[in-house]
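What follows is one structure encoded as structure tokens, with my remarks underneath.
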Amino acid sequence: MVTDNRNEVEDDKLTLEVPETAHQISTDSWFQAGFVLTTGINSVCVLGYSGTIMVPLGWIGGVVGLLLATAVSLYANMLVAKLHEFGGKRHIRYRDLAAQIYGRKAYAITWALQYVNLFMINIGYLILGGSALKACYVLFKDDHTMKLPYFIAVAGFVCTLFAIATPHLSSLRVRVTLLGTTMLNVPLAGSGNIGLVEELGIQFLLHLYGNNDSHVVIGINAPSRDYSIPGTSTSKIFTTIGASANLVFAFNTGMLPEIQATVRQPAVKNMLKALYFQFTVGVVPMYAVTFIGYWAYGASTTTYLLNSVSGPVWVKAAANISAFLQSVIALHIFASPTYEYLDTKFGIRGSALKFKNLSFRIAARGGYLAISTLVSALLPFLGDFESLTGALSTFPLTFILANHMYLVAKQNKLSSLQKLWHWLNVAFFGLMSIAAAVAALRLIAVDSKEYDVFADL
């Protein structure tokens, strides 16, 4: 229950304290922030939701779950956004906000939770980017010479070049525009995430394309799909819990204050507009790709949707290239808090083309992404481990902390009913976090026997 009080949305701008940072703040419109948020949730990961959300939950559970997760995630993010100027200071980092409310000990805990979460997310994008490149490669030359770790290395190199050329989060607006043009997407303010609309069209065309010459018949000539939920009664319990964790993970970045820092004043009001955009217009591509993918392939849908499709080679190649380019942008968004920390700590300011600044970005960001790429190639099956990380950090950051911080910060202004509501949220998501962690650990234990390092999956 977010209280409708204008003072909670806008603190006194004349007395606001702005923390030191080497990156730009207060430069972007709410529309730009909305597209950054939307790009974060409409990345290449969306191509996995048909298999990781819809298959374990089925039509009723999947549709209802996505709608509920949308509403709950919007609510939790609104709570965090309304605390952006709490105490007369702009909290441009999640850890700064936690420290303001709880004290300095919370700074370190929040910092650790957030950066482990973002690091694991970035590893996921490197694996997905490499998978997209490999899927494109095998369309033309399936000789098993190029393995997945090689493509992950290529993805890491491209991400490094992009990170060096993009000094801060606000400069994404130029790169996203160029990428939107490159991908021949719908020209909606040059947003790279609209590439998913293109992929949606590709999925629909491939579904209708009757490939009668192949052993796999799809589209209007396909037999009835199986939409039953696979697995035994016991395994269904754990996969349902895991899918529920994926539901909330799909909508949340874990770095809302860092994105809100780029928004022009009034920062809270503009950020709320960006969130409304994200959770209305922004979720349409995600819904469409997820539902159409499941409708087309049912319980046989793979965790990377483009691996399930059949049709013209050039169309599938374009879709995989689009997915790869989106993974590059999404990784940069989730790596930006790390870049901001390094740039601020070492005093990297001024022109992005200064020799000192350029060489620092090459060394620092190149080193960070080299480590990330090595881990991704070494362990390209990190989906299970990311589920565990999501349970231990995404749930606490996005839902538990959001409700409890708002409760502590606004306790004198909340009624008893409102306090009870926030405590119920804290308790519920705390239990969900524990259950999701147990489910992830079980999945790791079951699957660990099949894994090899530098595996070609």
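Convention: chains lettered A, B, ... in structure tokens order; per-chain residue numbering from 1; ligands numbered from 1 as shown.
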
Show me, as an MDAnalysis selection string, the residues that have an atom within 7 Å of Ile41 in chain A when counting only C-alpha atoms, minus same-chain residues fewer than 4 positions from it. chainID A and resid 37 250:251

Separation of CA of Phe454 in chain A from CA of Trp314 in chain A in Å: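 Distance reported for this atom pair: 29.1 Å.
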
Let me make sure I understand: among A:Gly65, A:Gly347, A:Pro337, A:Pro312, which one has the smallest atom-to-atom distance to Arg93 in chain A if we use only C-alpha atoms? A:Pro337

For CA of Ser372 in chain A and CA of Val453 in chain A, determine how far apart the two atoms are, in Å to one decimal place.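 Spanning CA of Ser372 in chain A to CA of Val453 in chain A is a straight-line distance of 14.8 Å.
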
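Straight-line separation from CA of Ala370 in chain A to CA of Met146 in chain A: 19.6 Å.
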